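**Student:** My questions will all concern the structure given below.
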Amino acid sequence: QVQLVESGGGLVQAGGSLRLSCATSGGTFSSYVMAWFRQAPGKEREFVASISWSGTMTYYANSVKGRFTLSRDNAKNTVYLQMNSLKLEDTAVYYCAAGTSYIGYDYWGQGTQVTVSS
């Protein structure tokens with residue numbers, strides 16, 4: 001059973017930065033596409049970013065493109081989401097996900113809260 005544990009969330013002022021981490025265990029990390037999603041209060045969960053098995057290809061939602069950077073370290077079984085120039089609308093619970101393809105994600109973390117204040 002694959003387990004994902006997110007960390008790095010917190011409270012930050014607008015314009016600031018945070019780095020989220022997602023550590024995985026129980027599976028072959030390099031065989032998974034990894035992604036981040038987020039869910040703001042009263043809204044549906046939305047895609048933030050994804051990264052290929054090798055880390056050479058990344059995809060971003062338009063709302064975060066140019067501000068967020070997703071990377072992975074297959075030796076550490078961990079993905080990182082560097083979030084810069086944070087905006088109030090980035091406030092959400094951020095979830096890490098793993099899957100064998102980009103179509104669907106089979107495993108999810110418990111989420112980490114990111115709150116951006118003015």
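In the structure tokens, chains take the letters A, B, ... in the order shown, each chain's residues start at 1, and ligands count up from 1 in the order shown.
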Which residues come within 12 Å of A:Lys65, counting only C-alpha atoms, excluding same-chain residues fewer than 2 positions away, as an NGL selection string?
**Tutor:** :A and (47-50 or 58-63 or 67-70 or 82-86)
**Student:** Do you know which residues are at most 8 Å from A:Leu88 counting only C-alpha atoms, after dropping those on the same chain fewer than 6 positions away, and could you put them as a compact mmCIF listing (two decimals) with N, CA and C atoms, in the first residue's frame?
**Tutor:**
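Output saved as part_20.txt:
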```
# COMPACT_ATOMS: atom_id res chain seq x y z
N ALA A 14 0.86 37.33 1.65
CA ALA A 14 0.81 37.44 0.19
C ALA A 14 2.16 37.92 -0.33
N THR A 115 -2.35 28.77 3.97
CA THR A 115 -3.17 29.97 4.15
C THR A 115 -2.33 31.18 3.82
N VAL A 116 -2.82 31.96 2.88
CA VAL A 116 -2.13 33.18 2.47
C VAL A 116 -2.92 34.37 3.01
N SER A 117 -2.24 35.22 3.75
CA SER A 117 -2.91 36.37 4.37
C SER A 117 -2.46 37.67 3.71
N SER A 118 -3.31 38.68 3.87
CA SER A 118 -2.98 39.98 3.26
C SER A 118 -2.14 40.83 4.19
```
**Student:** Ranking A:Ala97, A:Ile103, A:Trp36, A:Leu4 by minimum distance to A:Thr24 and counting only C-alpha atoms, which one comes first?
**Tutor:**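 Looking only at the distances to A:Thr24, the closest residue turns out to be A:Leu4.
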**Student:** Considering only C-alpha atoms, can you say which of A:Gly26, A:Ser71, A:Asp90, A:Thr78 comes closest to A:Gly9?
**Tutor:**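 For A:Gly9, the nearest of the given residues is A:Asp90.
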**Student:** According to DSSP computed on the backbone, where in chain A is there helix (DSSP H, G or I)? Give the residues as a list of chain:residue names.
**Tutor:** A:Phe29, A:Ser30, A:Ser31, A:Leu88, A:Glu89, A:Asp90
**Student:** How about saving the chosen residues, N, CA and C atoms kept, as a tab-separated table (two decimals), in the first residue's frame?
**Tutor:**
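This is the output file part-v6.tsv:
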```
chain	number	residue	atom	x	y	z
A	29	PHE	N	8.46	4.41	-6.13
A	29	PHE	CA	8.20	5.83	-6.36
A	29	PHE	C	8.42	6.23	-7.81
A	30	SER	N	9.46	5.72	-8.40
A	30	SER	CA	9.81	6.15	-9.76
A	30	SER	C	8.82	5.65	-10.81
A	31	SER	N	7.90	4.79	-10.43
A	31	SER	CA	6.90	4.29	-11.37
A	31	SER	C	5.62	5.12	-11.35
A	88	LEU	N	-3.68	35.48	-2.28
A	88	LEU	CA	-4.77	35.10	-1.37
A	88	LEU	C	-5.54	33.90	-1.92
A	89	GLU	N	-5.71	33.88	-3.22
A	89	GLU	CA	-6.49	32.80	-3.83
A	89	GLU	C	-5.77	31.46	-3.86
A	90	ASP	N	-4.54	31.42	-3.41
A	90	ASP	CA	-3.83	30.15	-3.28
A	90	ASP	C	-4.17	29.44	-1.98
```
**Student:** Looking at only C-alpha atoms, which of A:Phe37, A:Tyr95, A:Tyr102, A:Tyr32 is the one that sits closest to A:Arg72?
**Tutor:** A:Tyr32
**Student:** What are the DSSP strand (DSSP E or B) residues of chain A, as a VMD selection string?
**Tutor:** chain A and resid 3 to 7 10 to 13 18 to 25 33 to 39 46 to 51 58 to 60 68 to 73 78 to 83 92 to 99 107 to 108 112 to 117
**Student:** Using only C-alpha atoms, which residue out of A:Val64, A:Val79, A:Ala92, A:Ala98 lies closest to A:Ser21?
**Tutor:** A:Val79
**Student:** Check the smallest atom-to-atom distance from each of A:Gln1, A:Gly16, A:Arg38, A:Trp53 to A:Gln110 using only C-alpha atoms, then report the winner.
**Tutor:**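 Selected residue with least distance to A:Gln110: A:Arg38.
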**Student:** Which one is closest to A:Gln39: A:Ser17, A:Gly55, A:Glu6, A:Gln113? Count only C-alpha atoms.
**Tutor:**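 Looking at the shortest contact to A:Gln39, the residue is A:Gln113.
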**Student:** To one decimal in Å, tell me the separation between atom CA of A:Lys87 and atom CA of A:Gly42.
**Tutor:**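 Computing the Euclidean distance for atom CA of A:Lys87 and atom CA of A:Gly42 yields 17.8 Å.
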**Student:** For the atom pair atom CA of A:Ala40 and atom CA of A:Gln3, what is the interatomic distance in Å to one decimal place?
**Tutor:**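 One can read the atom CA of A:Ala40 to atom CA of A:Gln3 distance as 23.1 Å.
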**Student:** Using atom CA of A:Thr100 and atom CA of A:Val114 as the two end points, give the distance in Å to one decimal.
**Tutor:**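 Spanning atom CA of A:Thr100 to atom CA of A:Val114 is a straight-line distance of 26.8 Å.
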